[in-house]
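Undergrad: Before we start, here is the structure in question, set down as structure tokens.
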Amino acid sequence: MIGLRSSEMSAFFGFAERQLYVYKRYWVWEVVWLFYSIVSVLSIGFLASGLSSLGAGGGSFDLRRAQLYLLIGALLWGYLSLVFMEAAYAISWERWEGTIEYTFMAPVRRITHLMGICLFAIVYGLARTFIVLIVAVVIFDIDFSHADIPGALVVLAASMAPLIGLAILTSVLPLLSPQKGEQMSFAVQGFLLLVSGVYYPLTVLPWPLQVAGFVSPLTYALAGMRTSLLQGATTADQLPTVGILLGMGAVLIPVGFGVFTWAERRAKRLGLLKRSG
Amino acid sequence: MSVPAIEITGVRKAFRHRQREKGAPWWRREWKNKVALHELDLRVEAGGVIGILGPNGSGKSTLIRILGTLLTPDAGTAKVFGCDVVTDALQVRRHVNRVSVEAAFFKELSPWENMVYASRLYGNTSRGTRRRVVEIMALLGLPKYVIDQPMKQLSRGQQQKVAIARSFLTAPSLLLMDEPTTGLDPRSKKEVQAVLETLRAEREITVLLCTHDMDEAAVMCDRVLMLDGGHVLADGSPDELRGRHGADSLEDVFMHLTGKTLEAEEAEEAIL
């Protein structure tokens with residue numbers, strides 16, 4: 001039993017280590033993505049800065065607060081979407097590289113495989129977001145003096161559970177359809193951006209999209225972190241949000257693995273588990 | 001009585017695909033079944049090299065993929081060292097490794113990075129792995145500088161040797177080799193065959209070698225299974241098969257059994 005656990009742990013870190021090697025080899029692309037992330041966040045910050053010249057402002061409208069609201073959305077979306085896509089593309093990535101058969105033949109539980117990928121995504125995502133955050137703080141002179149950082153970090157940590165569950169569910173798509181699965185994964189990511197209140201409150205959405213936003217865990221993650229960063233909500237204040245996020249994770253992770261196991265069995269029955277699909 | 005390395009009973013596998021009949025409207029496509037393996041029975045004792053011979057589409061790769069737990073049979077059972085490939089898949093994977101016709105590597109990564117990944121997947125830490133990798137690569141005649149170059153910069157023969165080195169690293173009891181020398185130049189082919197000979201001499205291992213190179217099979221294999229259209233045509237040692245059919249070569253045996261040559265069969269499939 002101990003031997004089994006140690007071999008699973010070895011594989012768990014092996015997946016994270018492999019991703020590190022892959023990113024090192026594609027470092028030019030990573031620099032480009034980092035640059036793109038910075039540009040994207042800065043553009044949104046400057047858009048907020050220019051709102052007054054576009055006629056917004058006056059009355060109770062707080063431009064500074066609006067800018068922070070948008071910047072937090074951009075930063076968190078950058079992080080959450082990176083973790084989501086890393087996990088959701090775990091299968092597609094193997095198919096592109098032609099290693100899918102080798103990985104699926106290895107004596108490793110699927111939970112170890114997918115969690116190893118998620119481990120790397122979380123660490124890498126945090127590192128990249130930290131760099132973007134530093135640039136944004138310097139350029140826009142962001143004031144976090146009213147923020148409750150521990151409260152925001154607790155929400156961020158709790159949001160990983162449902163996010164990983166959702167990503168595992170999405171990673172099933174390329175297993176179900178080798179030809180169209182990747183495109184569907186992109187569509188899921190886009191839909192999450194639309195309905196999760198990244199740049200606006202859910203109330204501005206038509207009601208069917210509001211319903212979708214209500215069940216998206218990212219909505220609670222973003223709203224929770226905003227209340228801590230903008231209004232100083234403490235860890236104790238965040239307990240209901242943390243409860244919702246962990247509850248969603250408790251449902252989504254087992255469901256994600258259940259669906260993945262079913263999809264893997266189906267792929268083995270139909271002969272889809274190969275590089276060309 | 002010892003547990004056989006492979007025990008297959010009544011395994012059948014078919015693949016479904018949608019096909020439009022000639023002259024049918026474009027929207028009318030019907031599901032068709034293409035049978036890859038028909039009620040296959042096979043028992044392989046541990047040790048030795050067993051050749052699976054046959055043209056493309058004969059069911060060789062399907063058999064390998066079933067034993068590698070990448071495919072589930074539609075009917076029958078397949079066991080590797082007593083473990084069922086469907087119900088005990090994780091146990092089966094601990095016994096098995098595969099070298100396939102396509103080098104399944106992260107092409108941007110070096111042989112070292114690919115091997116350390118493989119080593120971890122099979123439950124080993126990276127401690128001592130570098131020394132073992134260097135030793136194995138030297139055994140395979142791969143120059144030392146290759147170890148840190150991206151795989152995509154290596155020749156096809158070198159990539160195939162790294163694939164074999166990777167399988168050595170995980171010390172499998174059953175090595176599934178799916179056309180490991182296809183597409184290699186004659187020199188690389190000979191080197192890979194020499195490696196297989198060394199492996200056979202030095203390790204307690206069962207090798208299932210899929211090939212359509214009859215000469216390679218005659219030299220390398222203790223036992224040969226000829227497949228065609230998912231059926232077993234012949235089973236025996238190369239000498240037995242040649243003697244049984246009064247043939248000079250395994251190619252002649254295949255021709256005697258099917259009335260066609262392997263090349264003609266492959267050319268026909270290429271046209272189709």
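To be explicit about the labels: the chains of the structure tokens are called A, B, and onward in the order shown, and within each one the residues are counted from 1, while ligands get numbers from 1 in the order they are shown.
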What residues in chain B lie within 6 Å of chain A, counting only C-alpha atoms, written as a PDB file with N, CA and C atoms, in the first residue's frame?
TA:
```pdb
ATOM      1  N   LEU B  70      -5.377  -0.353 -24.113  1.00  0.00           N
ATOM      2  CA  LEU B  70      -5.849   0.830 -24.836  1.00  0.00           C
ATOM      3  C   LEU B  70      -7.161   0.557 -25.572  1.00  0.00           C
ATOM      4  N   LEU B  71      -7.495  -0.722 -25.676  1.00  0.00           N
ATOM      5  CA  LEU B  71      -8.747  -1.133 -26.315  1.00  0.00           C
ATOM      6  C   LEU B  71      -9.380  -2.211 -25.451  1.00  0.00           C
ATOM      7  N   THR B  72     -10.704  -2.234 -25.420  1.00  0.00           N
ATOM      8  CA  THR B  72     -11.359  -3.340 -24.709  1.00  0.00           C
ATOM      9  C   THR B  72     -11.958  -4.295 -25.737  1.00  0.00           C
ATOM     10  N   LEU B  90      -4.898  -1.676 -14.285  1.00  0.00           N
ATOM     11  CA  LEU B  90      -3.758  -1.027 -13.626  1.00  0.00           C
ATOM     12  C   LEU B  90      -2.636  -2.039 -13.364  1.00  0.00           C
ATOM     13  N   ARG B  93      -0.852  -2.882 -16.578  1.00  0.00           N
ATOM     14  CA  ARG B  93       0.059  -1.816 -17.025  1.00  0.00           C
ATOM     15  C   ARG B  93       1.391  -1.853 -16.286  1.00  0.00           C
ATOM     16  N   ARG B  94       1.391  -2.404 -15.082  1.00  0.00           N
ATOM     17  CA  ARG B  94       2.666  -2.516 -14.354  1.00  0.00           C
ATOM     18  C   ARG B  94       3.603  -3.532 -15.017  1.00  0.00           C
ATOM     19  N   ALA B 104       6.400   7.782 -29.629  1.00  0.00           N
ATOM     20  CA  ALA B 104       5.457   8.565 -28.816  1.00  0.00           C
ATOM     21  C   ALA B 104       6.223   9.361 -27.769  1.00  0.00           C
ATOM     22  N   PHE B 105       6.714  10.534 -28.190  1.00  0.00           N
ATOM     23  CA  PHE B 105       7.514  11.373 -27.295  1.00  0.00           C
ATOM     24  C   PHE B 105       7.004  12.795 -27.340  1.00  0.00           C
ATOM     25  N   PHE B 106       7.350  13.556 -26.314  1.00  0.00           N
ATOM     26  CA  PHE B 106       7.216  15.004 -26.395  1.00  0.00           C
ATOM     27  C   PHE B 106       8.400  15.476 -27.229  1.00  0.00           C
ATOM     28  N   TYR B 117      10.400  11.494 -17.180  1.00  0.00           N
ATOM     29  CA  TYR B 117       8.930  11.472 -17.115  1.00  0.00           C
ATOM     30  C   TYR B 117       8.434  10.019 -17.085  1.00  0.00           C
ATOM     31  N   ARG B 120       9.154   8.329 -13.801  1.00  0.00           N
ATOM     32  CA  ARG B 120       8.223   8.744 -12.739  1.00  0.00           C
ATOM     33  C   ARG B 120       6.851   8.080 -12.925  1.00  0.00           C
ATOM     34  N   LEU B 121       6.412   7.971 -14.178  1.00  0.00           N
ATOM     35  CA  LEU B 121       5.118   7.325 -14.418  1.00  0.00           C
ATOM     36  C   LEU B 121       5.119   5.893 -13.909  1.00  0.00           C
ATOM     37  N   GLY B 123       6.660   4.888 -11.329  1.00  0.00           N
ATOM     38  CA  GLY B 123       6.834   4.849  -9.882  1.00  0.00           C
ATOM     39  C   GLY B 123       8.243   5.043  -9.379  1.00  0.00           C
TER      40      GLY B 123
END
```
Undergrad: Within 8 Å of Val162 in chain B, counting only C-alpha atoms, which residues qualify if same-chain residues fewer than 4 places away don't, as a list of chain:residue names?
TA: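 Residues near the query, excluding close chain neighbours: B:Pro111, B:Met137, B:Gln158, B:Arg166.
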Undergrad: Taking 2 positions as the minimum chain separation for residues in the same chain, which residues sit within 7 Å of range 13-21 of chain B when counting only C-alpha atoms? Answer as a PyMOL selection string.
TA: (chain A and resi 270) or (chain B and resi 11+23-24+28-38+73-74)
Undergrad: Could you work out how far CA of Leu199 in chain B lies from CA of His212 in chain B, giving the answer in Å with one decimal?
TA: 21.1 Å
Undergrad: From the options A:Leu71, A:Ile164, A:Val135, A:Leu192, which residue's atoms come nearest to Met115 in chain A, counting only C-alpha atoms?
TA: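 The shortest atom-to-atom distance to Met115 in chain A comes from A:Ile164.
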Undergrad: Which polymer residues have any atom within 8 Å of an atom of range 193-197 of chain A, counting only C-alpha atoms, with same-chain residues fewer than 6 positions away left out, as an NGL selection string?
TA: :A and (77 or 205 or 209-210 or 212-214 or 216-219 or 222-223)
Undergrad: Could you list, as a VMD selection string, every residue within 10 Å of Gly51 in chain B, counting only C-alpha atoms and ignoring same-chain residues fewer than 4 positions away?
TA: chain B and resid 60 177 207 to 212 214 216 to 218 220 to 226 235 to 238
Undergrad: Measure the distance from CA of Thr9 in chain B to CA of Leu196 in chain B in Å and round it to one decimal.
TA: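 One can read the CA of Thr9 in chain B to CA of Leu196 in chain B distance as 28.2 Å.
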Undergrad: Please identify all polymer residues within 9 Å of Ile149 in chain A, counting only C-alpha atoms, omitting same-chain residues fewer than 6 positions from it, and present them as number ranges by chain.
TA: A: 225, 228-229, 232, 234-235
Undergrad: Taking the backbone alone, and naming residues the way the document does, which bits of range 204-251 of chain B are helix (DSSP H, G or I) by DSSP, as a ChimeraX atom specification?
TA: /B:214-220,238-244,250-251
Undergrad: Using only C-alpha atoms, determine which residues lie at most 7 Å from Ala167 in chain A, disregarding the query and same-chain residues fewer than 5 positions distant; provide the list as a ChimeraX atom specification.
TA: /A:84,87-88
Undergrad: Those residues with C-alpha atoms, as a short mmCIF file (atom, residue, chain, number, x, y, z; two decimals), in the first residue's frame please?
TA:
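Final output, saved to out-v2.cif:
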```cif
data_model
loop_
_atom_site.label_atom_id
_atom_site.label_comp_id
_atom_site.auth_asym_id
_atom_site.auth_seq_id
_atom_site.Cartn_x
_atom_site.Cartn_y
_atom_site.Cartn_z
CA PHE A 84 -9.06 25.87 -16.32
CA ALA A 87 -6.59 20.98 -16.99
CA ALA A 88 -9.20 21.05 -19.73
#
```
Undergrad: Taking into account only C-alpha atoms, which residue in the set A:Pro174, A:Tyr199, A:Gly78, A:Leu156 is nearest to Ala48 in chain A?
TA: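 That would be A:Tyr199, the residue with the smallest distance to Ala48 in chain A.
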Undergrad: One decimal, in Å: what's the spacing between CA of Glu191 in chain B and CA of Ile205 in chain B?
TA: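 Interatomic distance here is 19.3 Å.
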Undergrad: Select, from A:Leu20, A:Leu51, A:Ser159, A:Ala136, the residue with the minimum atom-to-atom distance to Val83 in chain A, counting only C-alpha atoms.
TA: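 Closest to Val83 in chain A of all the choices is A:Ser159.
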Undergrad: If you run DSSP on this backbone, which residues of range 47-159 of chain B come out as strand (DSSP E or B), and could you give them as a ChimeraX atom specification?
TA: /B:48-53,75-80,83-84,96-99
Undergrad: Save the residues we just selected, all heavy atoms, as a short mmCIF file (atom, residue, chain, number, x, y, z; two decimals), in the first residue's frame?
TA:
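Output file selection32.cif follows:
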```cif
data_model
loop_
_atom_site.label_atom_id
_atom_site.label_comp_id
_atom_site.auth_asym_id
_atom_site.auth_seq_id
_atom_site.Cartn_x
_atom_site.Cartn_y
_atom_site.Cartn_z
N GLY B 48 11.04 -15.38 -24.19
CA GLY B 48 11.12 -15.55 -25.64
C GLY B 48 10.50 -14.43 -26.44
O GLY B 48 9.87 -13.52 -25.88
N VAL B 49 10.71 -14.51 -27.74
CA VAL B 49 10.18 -13.49 -28.65
C VAL B 49 9.12 -14.15 -29.54
O VAL B 49 9.40 -15.14 -30.22
CB VAL B 49 11.30 -12.89 -29.53
CG1 VAL B 49 10.73 -11.85 -30.49
CG2 VAL B 49 12.39 -12.27 -28.67
N ILE B 50 7.93 -13.61 -29.50
CA ILE B 50 6.82 -14.16 -30.30
C ILE B 50 6.48 -13.15 -31.38
O ILE B 50 6.18 -11.98 -31.09
CB ILE B 50 5.58 -14.44 -29.41
CG1 ILE B 50 5.90 -15.55 -28.42
CG2 ILE B 50 4.37 -14.86 -30.23
CD1 ILE B 50 6.52 -15.11 -27.17
N GLY B 51 6.56 -13.59 -32.60
CA GLY B 51 6.28 -12.69 -33.73
C GLY B 51 4.82 -12.76 -34.13
O GLY B 51 4.25 -13.85 -34.19
N ILE B 52 4.22 -11.60 -34.36
CA ILE B 52 2.86 -11.54 -34.91
C ILE B 52 3.03 -10.98 -36.31
O ILE B 52 3.40 -9.81 -36.48
CB ILE B 52 1.94 -10.63 -34.07
CG1 ILE B 52 1.99 -10.98 -32.58
CG2 ILE B 52 0.52 -10.65 -34.59
CD1 ILE B 52 1.33 -12.26 -32.19
N LEU B 53 2.78 -11.82 -37.29
CA LEU B 53 3.02 -11.41 -38.69
C LEU B 53 1.70 -11.24 -39.43
O LEU B 53 0.75 -11.98 -39.20
CB LEU B 53 3.84 -12.47 -39.41
CG LEU B 53 5.18 -12.90 -38.84
CD1 LEU B 53 5.90 -13.77 -39.84
CD2 LEU B 53 6.01 -11.69 -38.51
N ALA B 75 -15.73 -9.18 -27.04
CA ALA B 75 -16.08 -10.47 -26.42
C ALA B 75 -14.79 -11.19 -26.06
O ALA B 75 -13.73 -10.89 -26.61
CB ALA B 75 -16.90 -11.30 -27.39
N GLY B 76 -14.89 -12.14 -25.13
CA GLY B 76 -13.72 -12.92 -24.73
C GLY B 76 -12.91 -12.24 -23.64
O GLY B 76 -13.26 -11.14 -23.19
N THR B 77 -11.84 -12.91 -23.23
CA THR B 77 -10.99 -12.35 -22.17
C THR B 77 -9.53 -12.36 -22.62
O THR B 77 -9.10 -13.25 -23.35
CB THR B 77 -11.09 -13.17 -20.86
OG1 THR B 77 -10.73 -14.51 -21.14
CG2 THR B 77 -12.46 -13.10 -20.25
N ALA B 78 -8.80 -11.38 -22.15
CA ALA B 78 -7.36 -11.32 -22.40
C ALA B 78 -6.67 -11.06 -21.07
O ALA B 78 -7.07 -10.15 -20.33
CB ALA B 78 -7.05 -10.20 -23.39
N LYS B 79 -5.69 -11.89 -20.76
CA LYS B 79 -4.98 -11.74 -19.48
C LYS B 79 -3.48 -11.62 -19.72
O LYS B 79 -2.94 -12.29 -20.60
CB LYS B 79 -5.25 -12.95 -18.57
CG LYS B 79 -6.68 -13.01 -18.06
CD LYS B 79 -6.88 -14.19 -17.15
CE LYS B 79 -8.31 -14.21 -16.65
NZ LYS B 79 -8.59 -15.37 -15.81
N VAL B 80 -2.85 -10.79 -18.90
CA VAL B 80 -1.40 -10.64 -18.93
C VAL B 80 -0.89 -11.03 -17.54
O VAL B 80 -1.29 -10.41 -16.55
CB VAL B 80 -1.01 -9.18 -19.27
CG1 VAL B 80 0.49 -8.98 -19.12
CG2 VAL B 80 -1.44 -8.83 -20.68
N CYS B 83 -3.60 -11.26 -15.07
CA CYS B 83 -4.44 -10.09 -14.79
C CYS B 83 -5.27 -9.74 -16.03
O CYS B 83 -4.72 -9.64 -17.13
CB CYS B 83 -3.59 -8.88 -14.42
SG CYS B 83 -2.50 -9.17 -13.03
N ASP B 84 -6.56 -9.54 -15.82
CA ASP B 84 -7.45 -9.25 -16.93
C ASP B 84 -7.24 -7.81 -17.43
O ASP B 84 -7.15 -6.88 -16.62
CB ASP B 84 -8.90 -9.42 -16.46
CG ASP B 84 -9.87 -9.34 -17.61
OD1 ASP B 84 -10.21 -8.21 -18.05
OD2 ASP B 84 -10.28 -10.41 -18.10
N VAL B 96 3.57 -4.20 -18.40
CA VAL B 96 3.68 -4.00 -19.85
C VAL B 96 4.35 -2.67 -20.21
O VAL B 96 4.18 -1.67 -19.53
CB VAL B 96 2.25 -4.02 -20.47
CG1 VAL B 96 2.28 -3.70 -21.95
CG2 VAL B 96 1.62 -5.38 -20.26
N ASN B 97 5.13 -2.69 -21.28
CA ASN B 97 5.52 -1.44 -21.93
C ASN B 97 5.46 -1.66 -23.43
O ASN B 97 5.38 -2.80 -23.88
CB ASN B 97 6.92 -0.99 -21.49
CG ASN B 97 7.06 0.53 -21.58
OD1 ASN B 97 6.63 1.15 -22.55
ND2 ASN B 97 7.65 1.12 -20.55
N ARG B 98 5.45 -0.57 -24.16
CA ARG B 98 5.23 -0.70 -25.61
C ARG B 98 6.18 0.20 -26.38
O ARG B 98 6.45 1.33 -25.98
CB ARG B 98 3.78 -0.27 -25.89
CG ARG B 98 3.41 -0.25 -27.35
CD ARG B 98 1.99 0.23 -27.49
NE ARG B 98 1.61 0.34 -28.87
CZ ARG B 98 0.73 1.20 -29.33
NH1 ARG B 98 0.14 2.04 -28.50
NH2 ARG B 98 0.42 1.25 -30.60
N VAL B 99 6.68 -0.36 -27.47
CA VAL B 99 7.45 0.45 -28.43
C VAL B 99 6.64 0.42 -29.72
O VAL B 99 6.43 -0.65 -30.28
CB VAL B 99 8.85 -0.14 -28.67
CG1 VAL B 99 9.61 0.68 -29.70
CG2 VAL B 99 9.64 -0.20 -27.36
#
```
